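Input: a single structure, listed below in structure tokens.
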Amino acid sequence: MERVAVVLINTGGPDNKKAILPYLFNYYKDPQNLPLPLGLRTLGAFFTALVQRFTTMRESYRRLAFQSPLLQNTKAQAISLERVLNSTKLKDIHYRCYASMIYWHPFSDEVMDEIKSYKADRIILLPMFPQKSFKTTYAMVKDWLVTASQEKLGIKTQVIDKFYDSQGFVEGLCAQMSSSIYRISDKARRANLPKPRMIFIGRYHQPRFKKIGDPYEAELNETAAAIVKALGGEHDYRVCYQPAPTFSSTIGPTIFDVLKEAADDQVPALIVPISYVVEDPVTLIHMDQLYAEFAEKIGVPLYERAPTVSNQPDFMSALASKIINEESLIDVDIYDDSLKRKIIWNSENE
């Protein structure tokens, strides 16, 4: 029997108050997040982490009792996916799913120790980002490859680098949205307000990535269009981005821009996170609280946020299908060679 380790990769988050600073330092030391030479980047990462620790980031974690739920929610996805994989497999294969983080525990080397104990014959990397990007997908694959080389892992490795175009992902999101659509639509009807505007929000996207051909913006727009089509009928919608953190920038429009537009138009706003697959500090604090407070302040008549896709059954089945059918698996040795040259990829120190 072949043993296959499926690694769900995400960013991670602090698990206590003391972990906030080292987590932020690890985040900004990544050249995809702070594009400076190594020496300057180390100093810049420490300085930026210090600043971030005392800004909105600190308030976000304070409201979560200084503990990110991202790891536990990703582990829940891993458990659900493993169950689906082993109940629907087509060949004599046993799957085991792991959650691995790149900026806080469990780091990739910790997960590799577990995979060695499992005696895996093959590894499938699954960055938990529906749309691929230099900043997320490629950086996560790079982190795994560098660590695998250091650990002398030597196990055949494949990648699934996107799943926004999977029918199950779109259907899963639509299912998650249904109760929110009903709730805000009913409130709008009772208040004689227009039909709610769907505001699809993605992660902040630095202009420098767009300039070198990053596919993220196009794939985010395609995701929104696919959801609207799946819902049927006519829908008013916008696509926007999370505001960039301190000392960074993003392409627009931002969530603040589209909320101001909703206030001007006096239409209800339904926020739909389409590049976040589990609840994390951004969805639970920024979207549910900080953006909601901003919307109320500027006069948006109604505000609602749809849940993330999480481990919704259609979504889990879609991921399992990609893994089992193997058509979407990319050998890591030939993984987008042209794109590797556009990001800092090959040096262990970078």
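FYI, nothing fancy with the structure tokens labels: chains A, B, ... in order, residues from 1 per chain, ligands from 1 as they appear.
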query = Do you know which residues are at most 8 Å from stretch 128-135 of chain A counting only C-alpha atoms, after dropping those on the same chain fewer than 2 positions away, and could you put them as number ranges by chain?
reply = A: 8-10, 32-33, 126, 137-139, 161-164, 209, 214-216, 219-220, 274-277, 343
inquiry  = I want to know what sits within 10 Å of A:Tyr23, based on only C-alpha atoms, with residues of the same chain fewer than 2 positions away left out; could you give that as a PyMOL selection string?
reply    = chain A and resi 11-15+18-21+25-29+49+102-105
request  = List every residue of stretch 129-303 of chain A that DSSP, applied to the backbone, labels as alpha helix (DSSP H), and write the result as a VMD selection string.
outcome  = chain A and resid 139 to 150 167 to 190 207 to 211 216 to 231 255 to 265 281 291 to 298
ask   = What lies within 8 Å of A:Pro69 using only C-alpha atoms, ignoring chain neighbours under 2 positions off, as JSON, numbers by chain?
value = {"A": [13, 67, 71, 72, 73, 279, 280, 281]}
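Among the candidates A:Met287, A:Ala120, A:Met316, A:Cys240, the one nearest to A:Arg83 when counting only C-alpha atoms is A:Met316.
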Spatial neighbours of A:Ile181, 12 Å, only C-alpha atoms, chain gap at least 2 places, as a PyMOL selection string = chain A and resi 173-179+183-189+195-199+231+235+268-272+302-307
Write to file, as an mmCIF file, in the first residue's frame, the residues of the selection just made, with N, CA and C atoms.
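Heads up, here's the output in selection_7.cif:
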data_model
loop_
_atom_site.group_PDB
_atom_site.id
_atom_site.type_symbol
_atom_site.label_atom_id
_atom_site.label_comp_id
_atom_site.auth_asym_id
_atom_site.auth_seq_id
_atom_site.Cartn_x
_atom_site.Cartn_y
_atom_site.Cartn_z
ATOM 1 N N LEU A 173 -18.700 27.617 -1.237
ATOM 2 C CA LEU A 173 -18.836 29.017 -0.844
ATOM 3 C C LEU A 173 -20.283 29.482 -0.959
ATOM 4 N N CYS A 174 -20.950 29.091 -2.030
ATOM 5 C CA CYS A 174 -22.362 29.468 -2.210
ATOM 6 C C CYS A 174 -23.211 28.914 -1.076
ATOM 7 N N ALA A 175 -22.920 27.675 -0.668
ATOM 8 C CA ALA A 175 -23.666 27.074 0.440
ATOM 9 C C ALA A 175 -23.418 27.830 1.737
ATOM 10 N N GLN A 176 -22.165 28.229 1.958
ATOM 11 C CA GLN A 176 -21.834 28.981 3.170
ATOM 12 C C GLN A 176 -22.493 30.366 3.164
ATOM 13 N N MET A 177 -22.664 30.937 1.971
ATOM 14 C CA MET A 177 -23.243 32.271 1.846
ATOM 15 C C MET A 177 -24.756 32.292 2.041
ATOM 16 N N SER A 178 -25.410 31.152 1.862
ATOM 17 C CA SER A 178 -26.869 31.134 1.740
ATOM 18 C C SER A 178 -27.585 31.763 2.929
ATOM 19 N N SER A 179 -27.189 31.402 4.137
ATOM 20 C CA SER A 179 -27.882 31.949 5.309
ATOM 21 C C SER A 179 -27.627 33.443 5.449
ATOM 22 N N ARG A 183 -30.442 36.345 5.398
ATOM 23 C CA ARG A 183 -30.582 37.230 6.558
ATOM 24 C C ARG A 183 -30.518 38.701 6.157
ATOM 25 N N ILE A 184 -29.498 39.085 5.368
ATOM 26 C CA ILE A 184 -29.366 40.497 5.024
ATOM 27 C C ILE A 184 -30.431 40.921 4.011
ATOM 28 N N SER A 185 -30.840 39.997 3.132
ATOM 29 C CA SER A 185 -31.896 40.327 2.169
ATOM 30 C C SER A 185 -33.226 40.562 2.877
ATOM 31 N N ASP A 186 -33.500 39.749 3.888
ATOM 32 C CA ASP A 186 -34.737 39.924 4.651
ATOM 33 C C ASP A 186 -34.736 41.256 5.399
ATOM 34 N N LYS A 187 -33.604 41.601 5.990
ATOM 35 C CA LYS A 187 -33.494 42.882 6.690
ATOM 36 C C LYS A 187 -33.661 44.048 5.717
ATOM 37 N N ALA A 188 -33.050 43.911 4.536
ATOM 38 C CA ALA A 188 -33.156 44.968 3.523
ATOM 39 C C ALA A 188 -34.599 45.144 3.071
ATOM 40 N N ARG A 189 -35.298 44.026 2.861
ATOM 41 C CA ARG A 189 -36.698 44.100 2.427
ATOM 42 C C ARG A 189 -37.557 44.794 3.474
ATOM 43 N N LYS A 195 -31.539 45.730 -2.934
ATOM 44 C CA LYS A 195 -30.954 44.398 -2.805
ATOM 45 C C LYS A 195 -29.492 44.531 -2.373
ATOM 46 N N PRO A 196 -29.018 43.703 -1.443
ATOM 47 C CA PRO A 196 -27.636 43.826 -0.946
ATOM 48 C C PRO A 196 -26.590 43.719 -2.058
ATOM 49 N N ARG A 197 -25.514 44.440 -1.878
ATOM 50 C CA ARG A 197 -24.367 44.367 -2.785
ATOM 51 C C ARG A 197 -23.366 43.364 -2.217
ATOM 52 N N MET A 198 -22.947 42.407 -3.021
ATOM 53 C CA MET A 198 -21.943 41.440 -2.584
ATOM 54 C C MET A 198 -20.557 42.045 -2.751
ATOM 55 N N ILE A 199 -19.800 42.045 -1.683
ATOM 56 C CA ILE A 199 -18.447 42.595 -1.709
ATOM 57 C C ILE A 199 -17.470 41.447 -1.479
ATOM 58 N N LEU A 231 -24.755 31.412 -8.344
ATOM 59 C CA LEU A 231 -25.916 31.850 -7.577
ATOM 60 C C LEU A 231 -27.127 32.066 -8.478
ATOM 61 N N HIS A 235 -26.940 40.053 -9.860
ATOM 62 C CA HIS A 235 -26.379 40.433 -8.568
ATOM 63 C C HIS A 235 -25.439 41.625 -8.734
ATOM 64 N N PRO A 268 -27.144 47.869 1.229
ATOM 65 C CA PRO A 268 -26.563 46.949 2.213
ATOM 66 C C PRO A 268 -25.327 46.260 1.647
ATOM 67 N N ALA A 269 -24.410 45.899 2.521
ATOM 68 C CA ALA A 269 -23.147 45.282 2.100
ATOM 69 C C ALA A 269 -23.016 43.879 2.680
ATOM 70 N N LEU A 270 -22.861 42.893 1.788
ATOM 71 C CA LEU A 270 -22.594 41.516 2.205
ATOM 72 C C LEU A 270 -21.134 41.207 1.885
ATOM 73 N N ILE A 271 -20.319 41.044 2.906
ATOM 74 C CA ILE A 271 -18.879 40.793 2.734
ATOM 75 C C ILE A 271 -18.653 39.293 2.554
ATOM 76 N N VAL A 272 -17.940 38.930 1.479
ATOM 77 C CA VAL A 272 -17.688 37.516 1.183
ATOM 78 C C VAL A 272 -16.184 37.297 1.024
ATOM 79 N N LEU A 302 -26.761 48.421 6.084
ATOM 80 C CA LEU A 302 -26.711 47.084 6.672
ATOM 81 C C LEU A 302 -25.364 46.460 6.330
ATOM 82 N N TYR A 303 -24.840 45.645 7.242
ATOM 83 C CA TYR A 303 -23.539 45.011 7.046
ATOM 84 C C TYR A 303 -23.639 43.567 7.521
ATOM 85 N N GLU A 304 -23.174 42.652 6.698
ATOM 86 C CA GLU A 304 -23.191 41.221 7.037
ATOM 87 C C GLU A 304 -21.954 40.591 6.440
ATOM 88 N N ARG A 305 -21.416 39.573 7.125
ATOM 89 C CA ARG A 305 -20.251 38.863 6.588
ATOM 90 C C ARG A 305 -20.570 37.379 6.465
ATOM 91 N N ALA A 306 -20.347 36.832 5.269
ATOM 92 C CA ALA A 306 -20.566 35.403 5.039
ATOM 93 C C ALA A 306 -19.396 34.605 5.616
ATOM 94 N N PRO A 307 -19.649 33.373 6.078
ATOM 95 C CA PRO A 307 -18.562 32.544 6.625
ATOM 96 C C PRO A 307 -17.572 32.120 5.536
#
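Non-sequential neighbours of A:Pro243 (distance at most 12 Å, separation of 6 or more positions within a chain, only C-alpha atoms) are A:Thr56, A:Ile201, A:Gly202, A:Arg203, A:Tyr204, A:His205, A:Gln206, A:Ser249, A:Thr250, A:Ile251, A:Gly252, A:Pro253, A:Thr254, A:Ile255, A:Phe256, A:Asp257, A:Val258, A:Val282, A:His286, A:Met287, A:Leu290, A:Tyr291.
Counting from atom CA of A:Val159, the distance to atom CA of A:Ile124 is 5.5 Å.
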query = So, counting only C-alpha atoms, which residue among A:Thr223, A:Ser100, A:Leu329, A:Asp113 is closest to A:Lys156?
reply = A:Leu329
inquiry  = Could you pull out the strand (DSSP E) residues of stretch 14-206 of chain A, going by DSSP on the backbone, and write them as number ranges by chain?
reply    = A: 93-101, 122-127, 156-159, 197-202
Go ahead and dump the residues you just picked, C-alpha atoms, as a short mmCIF file (atom, residue, chain, number, x, y, z; two decimals), in the first residue's frame.
data_model
loop_
_atom_site.label_atom_id
_atom_site.label_comp_id
_atom_site.auth_asym_id
_atom_site.auth_seq_id
_atom_site.Cartn_x
_atom_site.Cartn_y
_atom_site.Cartn_z
CA ILE A 93 -3.42 4.14 -1.04
CA HIS A 94 -3.53 5.40 2.52
CA TYR A 95 -3.67 9.16 2.99
CA ARG A 96 -2.63 11.09 6.06
CA CYS A 97 -3.17 14.85 6.25
CA TYR A 98 -1.04 17.33 8.17
CA ALA A 99 -1.28 21.05 8.95
CA SER A 100 2.00 22.95 8.44
CA MET A 101 2.63 26.65 9.06
CA ARG A 122 4.84 10.51 -1.56
CA ILE A 123 3.99 14.04 -0.40
CA ILE A 124 1.33 16.36 -1.81
CA LEU A 125 1.67 20.03 -0.87
CA LEU A 126 -1.61 21.90 -0.64
CA PRO A 127 -1.21 25.63 0.10
CA LYS A 156 8.69 12.48 -4.13
CA THR A 157 6.72 15.72 -3.78
CA GLN A 158 3.85 17.15 -5.79
CA VAL A 159 1.90 20.40 -5.56
CA ARG A 197 -24.37 44.37 -2.79
CA MET A 198 -21.94 41.44 -2.58
CA ILE A 199 -18.45 42.59 -1.71
CA PHE A 200 -15.90 39.88 -2.50
CA ILE A 201 -12.70 40.51 -0.56
CA GLY A 202 -9.23 39.11 -1.13
#
